[in-house]
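Asker: Provided herewith is a single structure, encoded as structure tokens, for subsequent inquiry.
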Amino acid sequence: MDTTLTSDVSMKPPSDIMNDPLIEPMSSQTENKPASEPSDDFFDLTNNVSVVAAAATKSDDFVDILGSETGAQRGEVVKADVTVEATIDKSEVTAGITDPLSQQEAKQTSTAPVIDLSGDSQPVTSKIANPLVDLFSDAPPAAEAKKPSSANVDLFDDEEGSDIFAEPLQTKPAKQLQKSLFVTAGGPLQDSKPANIFSQAAASTPSVTSTVNSKSNGVHSEEEGDIFAEATVELSLDSPRNERKKEAIAKPSAPTPTSLPAAASLTKPQPPLEEEEEEEEEDKFDIFVSVKDPEKIGDGMNAYMAYKVSTQTTLPMFRNKTFTVRRRFSDFLGLYEKLSEKHGPNGFIVPPPPEKSLLGMTKVKVGKEDSSSTDFVERRRGALERYLQRVVNHPSLLQDPDVREFLEREELPRAVSTQALSGAGFLKMINKATDAVSKMTIKMNESDVWFEEKLQEVESADQQFRKLHALVESLVVHRKELSLNTASFAKSAAMLGSAEDNTALSRALSQLAEVEDKMEQLHQEQAANDTFTFAEMIADYIRLLGAVRGSFDHRMKAWQRWQDAQSMLQKKRETEAKLLWANKPDKLQLAKEEIAEWEAKVTQYERDFERVSATVRKEVIRFEREKTKNCKRQIIKYLECLLQSQQQLIKYWEAFLPEAKAIA
Amino acid sequence: QRKESLRSVSVDLNHDASLLIDIPDALCERDKVKFTVHTKTTLSSFQKPDFSVPRQHEDFIWLHDTLVETEDYAGLIIPPAPPKPDFDSPREKMHKLGEGEATMTKEEYTKMKQELEAEYLAVFKKTVQVHEIFLQRLSSHPVLSKDRNFQIFLEYDQDLSVRRKNAKEMFGGFFKNMVKSADEVLISGVKEVDDFFEQEKTFLLDYYSKIKDSTAKAEKMTRAHKNIADDYIHISATLNSLAADDMTANKKNLEKLSDLFEKFRKVEGRVASDQDLKLTELLRYYMRDIQAAKDLLYRRARALADYENSNKALDKARLKSKDIPQAEEHQRQCLQKFDKLSESGKKELTSFKGRRVVAFRKNFIEMAELEIKHAKNSVTLLQGCIELLKSN
């Protein structure tokens with residue numbers, strides 16, 4: 001059903017107008033999907049789409065855009081104009097599409113069970129519908145002032161309570177209004193699924209959405225055009241320029257516009273996931289990942305650790321319910337590299353894996369079976385498990401093909417760039433250094449107090465967490481010391497007992513020695529609890545706070561880009577003024593073109609910045625919510641372990657008491 | 001109340017109401033501690049029934065040494081002299097704390113300071129206690145309580161003006177110890193005539209080395225507990241400042257955890273100090289007491305050696321038929337001294353054994369009860385905190 005509709009819609013728009021927005025989502029599908037999405041529905045869809053894409057590729061415009069960057073820029077500006085007209089056309093087309101749409105929706109609500117729907121649509125929506133979603137979320141600021149953007153936020157808050165899917169009825173009243181907007185947007189993207197998303201949003205906050213819609217309806221042609229122009233602008237911006245560069249750096253696994261869809265995907269698919277979490281109480285996700293059986297493979301300095309990564313899931317996007325693969329440590333790092341490269345620039349907080357540790361690993365490699373190396377291995381195993389679980393708990397990251405590949409695929413191409421001393425590693429180091437320098441030189445006059453405050457909060461929390469980590473580590477040291485000292489006292493007390501000539505006292509002393517032996521065990525377990533439950537939680541948060549700061553940095557970079565473009569535009573305008581003054585009409589034309597070009601860029605970059613800002617904000621809020629939940633769970637776990645050991649302690653001493661009393 | 005539990009810590013004394021001694025007050029001036037020794041008595045040998053005198057640590061040492069040197073008491077276990085007041089450890093810690101002040105929050109620093117002050121006070125109290133116990137053991141001893149020097153120590157209301165030992169005397173003491181241990185080796189070659197003492201000797205030598213080891217280990221263990229209590233202070237403070245900066249719902253979680261650690265450090269601190277009092281102090285005291293018992297054995301062995309030498313001398317005199325009466329007299333005196341020593345030594349060692357067993361029993365029971373009490377306290381704290389977190 002999807003297929004027919006999709007092709008229908010996609011074929012309709014005149015290709016010369018539509019190809020631009022078309023191309024991007026399509027190329028993303030063609031590159032992403034076949035590898036990761038074997039679902040039937042989807043496969044069909046992809047096939048279809050790729051045909052369209054292929055058709056579109058022939059268009060001159062497309063080549064233009066991809067071929068030369070400046071050309072692309074110019075092309076877009078023009079396109080924006082064209083689209084305004086196109087949308088008017090489209091609104092007529094809308095009527096035609098409305099029917100199949102509503103049919104399709106009806107079908108979906110009736111045939112597919114409510115939850116399935118969400119499960120099914122999610123992977124698809126996030127991928128294909130992204131541009132649309134982006135469009136939607138970006139539209140408000142462009143359309144009319146700040147009100148819609150706050151509506152956007154509202155959308156999220158409200159959704160927590162209401163069940164979107166369970167009430168398909170609610171979608172109806174809003175639908176009519178949306179359709180015009182939707183179809184224009186959906187048309188170019190040729191996908192039926194966006195309808196779902198849209199009605200989701202509408203269902204949750206019908207009043208808000210409808211106001212947005214009615215507004216856009218009121219100023220129909222212009223607004224739509226605006227929105228549309230945005231879509232074009234964004235797509236062409238993110239893909240041909242950035243992504244192609246990335247491709248040039250030999251990152252074939254990063255499909256061209258993934259970063260954009262991923263960014264957008266947050267706006268919609270997140271609420272349903274959250275909702276599921278809320279419904280199913282904590283600890284219950286649709287997917288569980290465990291990292292087990294660390295095993296040293298090889299000998300000497302070439303040895304490495306391999307882990308069993310088992311996934312248990314009910315999500316339909318996976319072929320099986322349970323599956324296990326073997327991964328080495330560098331694979332985990334490789335996954336992170338890929339994810340952070342793709343999603344980091346868009347403001348996503350990508351959960352970081354545990355750091356490479358030369359010292360710890362060397363110990364393991366040397367093969368000393370002492371407690372510190374088993375400690376190290378266990379720490380790392382736990383950290384890797386929590387890292388993966390965080391990744392799959394993230395609604396957008398879960399959709400990433402690399403994540404699925406990591407979890408499912410039997411053999412993974414070796415991650416090279418994580419080698420500690422490899423050339424790539426060296427390059428990365430230089431990149432980080434330049435990043436740090438630019439970070440220092442960029443002075444952002446923050447317009448949004450929220451970000452300023454959050455950044456401060458994050459930075460002070462980071463500092464405190466580091467201090468706390470050091471303290472807990474010293475607690476662990478002291479606890480181990482206590483355990484050791486208790487053990488040696490126990491031995492000594494046993495010796496004293498053997499030297500004692502009073503039978504009852506001798507007995508009591510050896511009993512005391514036994515109690516102290518058990519105490520030693522308790523202290524040792526407690527030290528492990530301090531390490532694995534408490535210290536590791538803190539270490540996780542130090543890493544995560546680093547990732548949060550990273551997302552702020554990406555936002556700052558987006559801002560910087562926007563500012564640079566603005567000053568460039570200023571320069572171009574000055575040049576124009578000079579030329580005007582000098583009366584050089586021949587050059588004036590070129591200057592004007594340049595101004596137009598830079599104006600477009602400024603607009604793009606500003607929207608980029610706003611999009612990244614919105615994502616960062618959402619991500620930070622999500623991070624904080626997760627942190628609160630996770631911290632609480634972890635603290636309770638820690639305290640329960642403490643409680644157990646105290647209860648055990650009572651038992652031991654209570655057993656000793658009669659022995660002491662029996663001394664005569 | 002705390003003092004009461006402290007007092008009974010190491011020794012069980014049969015309280016003789018005719019002579020009651022305590023140290024109600026002490027003053028710490030730099031390295032010197034001035035004790036107020038208070039006596040209540042019905043004995044007619046004292047001029048007044050109730051009196052107090054100021055005494056210093058050195059006076060106690062003087063008293064101990066005169067008792068040890070009194071020939072008549074050679075067959076007695078002379079209660080071990082109280083150790084010199086040692087405030088070095090808390091002082092050093094206080095110094096370190098001052099250096100680290102900049103790295104701590106004000107609250108954290110205050111708590112650490114309080115903790116150190118408490119530690120200082122505990123050391124001070126312990127010092128007073130061991131001095132008190134020394135006097136109480138003398139007063140409850142049937143022979144030693146009637147010692148003239150002891151009575152002077154208690155009654156003379158002026159400064160005893162006991163000289164601090166000068167360097168020569170210190171060296172003399174050291175030399176004496178050397179001679180003694182060399183002697184011990186010599187004497188150990190003397191064939192024991194009495195099975196009881198033979199056994200006691202083996203027992204005490206073995207027991208001493210064991211209890212010395214146990215004392216050191218127990219000290220370390222107690223210190224480790226203390227370190228953990230200190231860690232809790234810092235953790236609590238850091239959690240607290242973390243909570244102060246946190247604007248999210250996590251604030252409450254952190255606050256509760258901080259609170260818990262603050263309460264925990266008190267419990268852990270009590271665990272440490274109670275273990276110190278009930279276990280370490282007991283072992284420490286009996287280590288010194290066993291040394292005193294060993295000293296008794298040494299004196300007896302010395303007397304035995306003297307007696308054997310006098311036998312040899314008598315044999316020689318008889319062989320030479322010269323100075324026989326003097327030799328006989330000397331031999332008789334040596335035997336008498338040795339017999340007397342053996343007799344009272346046997347009594348002392350037997351009573352010492354009983355005293356040790358009673359003291360260990362008492363302290364073990366109290367320690368177990370305190371451990372249980374503290375653990376139960378922790379359990380309540382933990383349960384409360386977990387419930388709060390879960391309900392939140």
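In the structure tokens, the first chain shown is A, the next is B, and so on; residue numbers restart at 1 for each chain, and ligands run from 1 in the order shown.
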Compute the chain B side of the contact with chain A at 8 Å, counting only C-alpha atoms, and hand it back as a ChimeraX atom specification.
Answerer: /B:203,206-207,210-211,213-214,217-218,220-221,224-225,227-228,231-232,234-235,238-239,241-242,245-246,248-250,253,257,357-358,360-361,364-365,368-369,371-372,375-376,378-379,382-383,386,389-390
Asker: Residues of the last selection are to be written out with C-alpha atoms, as an mmCIF file, in the first residue's frame.
Answerer:
data_model
loop_
_atom_site.group_PDB
_atom_site.id
_atom_site.type_symbol
_atom_site.label_atom_id
_atom_site.label_comp_id
_atom_site.auth_asym_id
_atom_site.auth_seq_id
_atom_site.Cartn_x
_atom_site.Cartn_y
_atom_site.Cartn_z
ATOM 1 C CA PHE B 203 53.305 -19.283 77.184
ATOM 2 C CA ASP B 206 54.743 -16.884 72.688
ATOM 3 C CA TYR B 207 51.709 -14.896 73.739
ATOM 4 C CA LYS B 210 51.347 -12.867 69.131
ATOM 5 C CA ILE B 211 49.572 -10.125 70.995
ATOM 6 C CA ASP B 213 51.346 -8.560 66.258
ATOM 7 C CA SER B 214 47.605 -8.496 66.876
ATOM 8 C CA LYS B 217 47.158 -5.269 63.052
ATOM 9 C CA ALA B 218 44.190 -4.064 65.042
ATOM 10 C CA LYS B 220 45.897 -0.632 61.282
ATOM 11 C CA MET B 221 42.390 -1.949 60.932
ATOM 12 C CA ALA B 224 41.432 2.107 57.966
ATOM 13 C CA HIS B 225 37.943 2.514 59.401
ATOM 14 C CA ASN B 227 40.012 6.772 56.796
ATOM 15 C CA ILE B 228 36.728 5.573 55.421
ATOM 16 C CA ASP B 231 36.246 9.789 52.940
ATOM 17 C CA TYR B 232 32.555 9.907 53.702
ATOM 18 C CA HIS B 234 34.447 14.573 51.579
ATOM 19 C CA ILE B 235 32.021 12.557 49.512
ATOM 20 C CA THR B 238 31.014 17.076 47.224
ATOM 21 C CA LEU B 239 27.624 15.509 46.675
ATOM 22 C CA SER B 241 27.797 21.024 46.252
ATOM 23 C CA LEU B 242 26.867 18.917 43.243
ATOM 24 C CA ASP B 245 24.411 23.316 41.322
ATOM 25 C CA ASP B 246 21.944 20.812 39.955
ATOM 26 C CA THR B 248 17.113 19.170 37.604
ATOM 27 C CA ALA B 249 15.089 16.578 39.427
ATOM 28 C CA ASN B 250 18.328 14.841 40.207
ATOM 29 C CA ASN B 253 18.662 12.269 44.742
ATOM 30 C CA LEU B 257 22.784 10.654 49.170
ATOM 31 C CA VAL B 357 40.133 -13.678 80.673
ATOM 32 C CA VAL B 358 37.580 -11.496 82.423
ATOM 33 C CA PHE B 360 38.716 -10.066 77.213
ATOM 34 C CA ARG B 361 35.261 -11.422 77.839
ATOM 35 C CA PHE B 364 34.467 -8.787 73.382
ATOM 36 C CA ILE B 365 30.870 -8.726 74.502
ATOM 37 C CA ALA B 368 30.067 -7.241 69.527
ATOM 38 C CA GLU B 369 27.162 -5.333 70.963
ATOM 39 C CA GLU B 371 29.156 -3.464 66.248
ATOM 40 C CA ILE B 372 25.605 -4.736 66.119
ATOM 41 C CA ALA B 375 25.252 -1.848 61.940
ATOM 42 C CA LYS B 376 21.602 -1.683 62.924
ATOM 43 C CA SER B 378 23.301 1.923 59.386
ATOM 44 C CA VAL B 379 20.566 -0.430 58.273
ATOM 45 C CA LEU B 382 19.940 2.929 54.528
ATOM 46 C CA GLN B 383 16.395 1.650 54.566
ATOM 47 C CA ILE B 386 16.166 3.858 49.909
ATOM 48 C CA LEU B 389 14.414 7.638 46.951
ATOM 49 C CA LYS B 390 11.913 5.084 45.769
#
Asker: Env of segment 597-609 of chain A: 6 Å cut, atoms = only C-alpha atoms, seq-sep filter 3 positions within chain, self excluded. Answer as a PDB file with all heavy atoms, in the first residue's frame.
Answerer:
ATOM      1  N   ALA A 558      28.223  26.062  14.680  1.00  0.00           N
ATOM      2  CA  ALA A 558      27.162  26.452  13.753  1.00  0.00           C
ATOM      3  C   ALA A 558      26.947  27.962  13.833  1.00  0.00           C
ATOM      4  O   ALA A 558      26.747  28.642  12.817  1.00  0.00           O
ATOM      5  CB  ALA A 558      25.873  25.711  14.090  1.00  0.00           C
ATOM      6  N   TRP A 559      27.025  28.454  15.031  1.00  0.00           N
ATOM      7  CA  TRP A 559      26.845  29.895  15.224  1.00  0.00           C
ATOM      8  C   TRP A 559      27.963  30.667  14.543  1.00  0.00           C
ATOM      9  O   TRP A 559      27.743  31.658  13.865  1.00  0.00           O
ATOM     10  CB  TRP A 559      26.837  30.186  16.728  1.00  0.00           C
ATOM     11  CG  TRP A 559      26.598  31.621  17.056  1.00  0.00           C
ATOM     12  CD1 TRP A 559      25.415  32.263  17.143  1.00  0.00           C
ATOM     13  CD2 TRP A 559      27.613  32.606  17.339  1.00  0.00           C
ATOM     14  NE1 TRP A 559      25.599  33.575  17.470  1.00  0.00           N
ATOM     15  CE2 TRP A 559      26.946  33.816  17.588  1.00  0.00           C
ATOM     16  CE3 TRP A 559      29.005  32.576  17.396  1.00  0.00           C
ATOM     17  CZ2 TRP A 559      27.617  34.988  17.902  1.00  0.00           C
ATOM     18  CZ3 TRP A 559      29.677  33.733  17.710  1.00  0.00           C
ATOM     19  CH2 TRP A 559      29.004  34.928  17.961  1.00  0.00           C
ATOM     20  N   TRP A 562      27.575  30.884  10.896  1.00  0.00           N
ATOM     21  CA  TRP A 562      26.549  31.869  10.582  1.00  0.00           C
ATOM     22  C   TRP A 562      27.146  33.280  10.665  1.00  0.00           C
ATOM     23  O   TRP A 562      26.952  34.116   9.783  1.00  0.00           O
ATOM     24  CB  TRP A 562      25.374  31.663  11.545  1.00  0.00           C
ATOM     25  CG  TRP A 562      24.314  32.712  11.478  1.00  0.00           C
ATOM     26  CD1 TRP A 562      23.891  33.390  10.373  1.00  0.00           C
ATOM     27  CD2 TRP A 562      23.552  33.211  12.580  1.00  0.00           C
ATOM     28  NE1 TRP A 562      22.903  34.276  10.715  1.00  0.00           N
ATOM     29  CE2 TRP A 562      22.679  34.179  12.058  1.00  0.00           C
ATOM     30  CE3 TRP A 562      23.510  32.909  13.931  1.00  0.00           C
ATOM     31  CZ2 TRP A 562      21.778  34.869  12.887  1.00  0.00           C
ATOM     32  CZ3 TRP A 562      22.612  33.589  14.736  1.00  0.00           C
ATOM     33  CH2 TRP A 562      21.755  34.559  14.228  1.00  0.00           C
ATOM     34  N   ALA A 565      29.473  34.032   7.843  1.00  0.00           N
ATOM     35  CA  ALA A 565      28.721  34.304   6.620  1.00  0.00           C
ATOM     36  C   ALA A 565      28.159  35.719   6.667  1.00  0.00           C
ATOM     37  O   ALA A 565      28.148  36.437   5.660  1.00  0.00           O
ATOM     38  CB  ALA A 565      27.598  33.289   6.457  1.00  0.00           C
ATOM     39  N   GLN A 566      27.744  36.124   7.846  1.00  0.00           N
ATOM     40  CA  GLN A 566      27.171  37.460   7.983  1.00  0.00           C
ATOM     41  C   GLN A 566      28.217  38.540   7.701  1.00  0.00           C
ATOM     42  O   GLN A 566      27.943  39.511   6.985  1.00  0.00           O
ATOM     43  CB  GLN A 566      26.614  37.629   9.391  1.00  0.00           C
ATOM     44  CG  GLN A 566      25.117  37.807   9.351  1.00  0.00           C
ATOM     45  CD  GLN A 566      24.522  37.868  10.735  1.00  0.00           C
ATOM     46  OE1 GLN A 566      25.227  37.721  11.740  1.00  0.00           O
ATOM     47  NE2 GLN A 566      23.238  38.071  10.807  1.00  0.00           N
ATOM     48  N   LEU A 569      28.884  38.690   4.111  1.00  0.00           N
ATOM     49  CA  LEU A 569      27.803  39.386   3.419  1.00  0.00           C
ATOM     50  C   LEU A 569      27.999  40.893   3.561  1.00  0.00           C
ATOM     51  O   LEU A 569      27.824  41.656   2.610  1.00  0.00           O
ATOM     52  CB  LEU A 569      26.461  38.946   4.004  1.00  0.00           C
ATOM     53  CG  LEU A 569      25.217  39.649   3.449  1.00  0.00           C
ATOM     54  CD1 LEU A 569      25.065  39.365   1.961  1.00  0.00           C
ATOM     55  CD2 LEU A 569      23.974  39.198   4.198  1.00  0.00           C
ATOM     56  N   GLU A 594      26.721  37.953  -5.931  1.00  0.00           N
ATOM     57  CA  GLU A 594      27.421  37.478  -4.737  1.00  0.00           C
ATOM     58  C   GLU A 594      26.636  37.781  -3.468  1.00  0.00           C
ATOM     59  O   GLU A 594      26.553  36.963  -2.558  1.00  0.00           O
ATOM     60  CB  GLU A 594      28.803  38.116  -4.643  1.00  0.00           C
ATOM     61  CG  GLU A 594      29.835  37.317  -5.420  1.00  0.00           C
ATOM     62  CD  GLU A 594      31.221  37.909  -5.283  1.00  0.00           C
ATOM     63  OE1 GLU A 594      31.350  39.024  -4.717  1.00  0.00           O
ATOM     64  OE2 GLU A 594      32.151  37.253  -5.732  1.00  0.00           O
ATOM     65  N   VAL A 612      20.296  23.226  15.107  1.00  0.00           N
ATOM     66  CA  VAL A 612      21.235  22.608  16.045  1.00  0.00           C
ATOM     67  C   VAL A 612      20.874  23.010  17.471  1.00  0.00           C
ATOM     68  O   VAL A 612      20.853  22.191  18.383  1.00  0.00           O
ATOM     69  CB  VAL A 612      22.689  23.004  15.711  1.00  0.00           C
ATOM     70  CG1 VAL A 612      23.634  22.535  16.795  1.00  0.00           C
ATOM     71  CG2 VAL A 612      23.098  22.418  14.377  1.00  0.00           C
ATOM     72  N   SER A 613      20.543  24.282  17.642  1.00  0.00           N
ATOM     73  CA  SER A 613      20.170  24.758  18.984  1.00  0.00           C
ATOM     74  C   SER A 613      18.983  23.988  19.517  1.00  0.00           C
ATOM     75  O   SER A 613      18.975  23.562  20.670  1.00  0.00           O
ATOM     76  CB  SER A 613      19.825  26.244  18.940  1.00  0.00           C
ATOM     77  OG  SER A 613      20.958  26.990  18.627  1.00  0.00           O
TER      78      SER A 613
END
Asker: Using only C-alpha atoms, which residue out of B:His64, B:Arg288, B:Lys212, B:Lys226 lies closest to Asn149 of chain B?
Answerer: B:His64
Asker: Extract, using only C-alpha atoms, all DNA, RNA and protein residues at most 10 Å from Asp65 of chain B, discarding same-chain residues fewer than 4 positions from it, and format them as a PyMOL selection string.
Answerer: chain B and resi 59-61+69-70+78+80-81
Asker: Tell me which protein, DNA and RNA residues are within 10 Å of Asp323 of chain B, counting only C-alpha atoms, leaving out same-chain ones fewer than 5 positions away, and put them as a list of chain:residue names.
Answerer: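 Counting only the stated atoms, we get B:Ala313, B:Leu314, B:Lys316, B:Ala317, B:Arg318, B:Glu328.
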Asker: Mind pulling up the distance from atom CA of Ser236 of chain B to atom CA of Lys113 of chain B?
Answerer: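 Spanning atom CA of Lys113 of chain B to atom CA of Ser236 of chain B is a straight-line distance of 15.1 Å.
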Asker: Considering only C-alpha atoms, return as an mmCIF file with N, CA, C and O atoms, in the first residue's frame whatever protein or nucleic-acid residues lie within 9 Å of segment 339-347 of chain B, sequence-local ones (same chain, fewer than 2 positions apart) excluded.
Answerer:
data_model
loop_
_atom_site.group_PDB
_atom_site.id
_atom_site.type_symbol
_atom_site.label_atom_id
_atom_site.label_comp_id
_atom_site.auth_asym_id
_atom_site.auth_seq_id
_atom_site.Cartn_x
_atom_site.Cartn_y
_atom_site.Cartn_z
ATOM 1 N N TYR B 73 59.119 -6.119 95.988
ATOM 2 C CA TYR B 73 58.043 -6.340 95.030
ATOM 3 C C TYR B 73 58.478 -7.195 93.841
ATOM 4 O O TYR B 73 57.769 -7.288 92.843
ATOM 5 N N ALA B 74 59.654 -7.781 93.973
ATOM 6 C CA ALA B 74 60.180 -8.532 92.829
ATOM 7 C C ALA B 74 59.250 -9.658 92.414
ATOM 8 O O ALA B 74 59.200 -10.049 91.253
ATOM 9 N N GLY B 75 58.465 -10.157 93.350
ATOM 10 C CA GLY B 75 57.563 -11.257 93.034
ATOM 11 C C GLY B 75 56.201 -10.796 92.566
ATOM 12 O O GLY B 75 55.283 -11.605 92.418
ATOM 13 N N LEU B 76 56.072 -9.512 92.324
ATOM 14 C CA LEU B 76 54.774 -8.991 91.896
ATOM 15 C C LEU B 76 54.831 -8.535 90.438
ATOM 16 O O LEU B 76 55.889 -8.144 89.948
ATOM 17 N N ILE B 77 53.666 -8.612 89.828
ATOM 18 C CA ILE B 77 53.574 -7.995 88.504
ATOM 19 C C ILE B 77 53.315 -6.521 88.731
ATOM 20 O O ILE B 77 52.253 -6.137 89.228
ATOM 21 N N PHE B 196 55.327 -25.283 86.452
ATOM 22 C CA PHE B 196 54.410 -24.155 86.314
ATOM 23 C C PHE B 196 55.100 -22.988 85.624
ATOM 24 O O PHE B 196 54.593 -22.428 84.647
ATOM 25 N N PHE B 197 56.296 -22.665 86.139
ATOM 26 C CA PHE B 197 57.000 -21.517 85.565
ATOM 27 C C PHE B 197 57.551 -21.827 84.180
ATOM 28 O O PHE B 197 57.609 -20.945 83.328
ATOM 29 N N ALA B 293 54.465 -9.101 83.243
ATOM 30 C CA ALA B 293 54.504 -10.470 83.757
ATOM 31 C C ALA B 293 55.816 -11.142 83.377
ATOM 32 O O ALA B 293 56.399 -11.901 84.160
ATOM 33 N N LEU B 296 58.441 -10.124 85.660
ATOM 34 C CA LEU B 296 58.390 -10.904 86.895
ATOM 35 C C LEU B 296 59.140 -12.222 86.721
ATOM 36 O O LEU B 296 59.947 -12.626 87.580
ATOM 37 N N LEU B 297 58.873 -12.872 85.602
ATOM 38 C CA LEU B 297 59.563 -14.144 85.340
ATOM 39 C C LEU B 297 61.071 -13.942 85.271
ATOM 40 O O LEU B 297 61.845 -14.774 85.751
ATOM 41 N N ARG B 299 62.788 -11.638 86.816
ATOM 42 C CA ARG B 299 63.316 -11.437 88.169
ATOM 43 C C ARG B 299 63.429 -12.764 88.914
ATOM 44 O O ARG B 299 64.380 -13.019 89.640
ATOM 45 N N ARG B 300 62.447 -13.598 88.700
ATOM 46 C CA ARG B 300 62.484 -14.897 89.378
ATOM 47 C C ARG B 300 63.630 -15.753 88.837
ATOM 48 O O ARG B 300 64.353 -16.420 89.593
ATOM 49 N N ALA B 303 66.717 -14.696 90.304
ATOM 50 C CA ALA B 303 66.836 -15.203 91.676
ATOM 51 C C ALA B 303 67.229 -16.673 91.676
ATOM 52 O O ALA B 303 68.030 -17.124 92.512
ATOM 53 N N LEU B 304 66.656 -17.385 90.698
ATOM 54 C CA LEU B 304 67.001 -18.806 90.589
ATOM 55 C C LEU B 304 68.477 -18.972 90.255
ATOM 56 O O LEU B 304 69.179 -19.804 90.851
ATOM 57 N N CYS B 334 69.331 -16.778 99.433
ATOM 58 C CA CYS B 334 68.955 -16.882 98.019
ATOM 59 C C CYS B 334 67.758 -17.805 97.840
ATOM 60 O O CYS B 334 66.821 -17.497 97.099
ATOM 61 N N LEU B 335 67.800 -18.903 98.528
ATOM 62 C CA LEU B 335 66.701 -19.864 98.426
ATOM 63 C C LEU B 335 65.410 -19.246 98.925
ATOM 64 O O LEU B 335 64.352 -19.357 98.298
ATOM 65 N N GLN B 336 65.576 -18.551 100.058
ATOM 66 C CA GLN B 336 64.394 -17.919 100.659
ATOM 67 C C GLN B 336 63.791 -16.898 99.694
ATOM 68 O O GLN B 336 62.589 -16.854 99.466
ATOM 69 N N LYS B 337 64.687 -16.114 99.114
ATOM 70 C CA LYS B 337 64.229 -15.078 98.188
ATOM 71 C C LYS B 337 63.545 -15.723 96.981
ATOM 72 O O LYS B 337 62.453 -15.302 96.557
ATOM 73 N N LEU B 349 50.659 -14.585 88.759
ATOM 74 C CA LEU B 349 50.414 -15.041 87.391
ATOM 75 C C LEU B 349 49.036 -15.686 87.258
ATOM 76 O O LEU B 349 48.351 -15.513 86.247
ATOM 77 N N THR B 350 48.643 -16.418 88.290
ATOM 78 C CA THR B 350 47.320 -17.040 88.254
ATOM 79 C C THR B 350 46.228 -15.979 88.246
ATOM 80 O O THR B 350 45.262 -16.052 87.468
ATOM 81 N N SER B 351 46.419 -14.976 89.092
ATOM 82 C CA SER B 351 45.395 -13.931 89.136
ATOM 83 C C SER B 351 45.417 -13.110 87.849
ATOM 84 O O SER B 351 44.383 -12.648 87.365
ATOM 85 N N PHE B 352 46.609 -12.964 87.305
ATOM 86 C CA PHE B 352 46.725 -12.240 86.029
ATOM 87 C C PHE B 352 45.926 -12.940 84.939
ATOM 88 O O PHE B 352 45.214 -12.321 84.155
#
Asker: Leaving out Gln151 of chain B and any residue of its chain fewer than 6 positions from it, which residues lie within 10 Å of it when counting only C-alpha atoms, given as a PyMOL selection string?
Answerer: chain B and resi 45-46+139+144-145
Asker: Give me, please, the distance in Å between atom CA of Glu268 of chain B and atom CA of Arg223 of chain B, quoted to one decimal.
Answerer: 11.3 Å
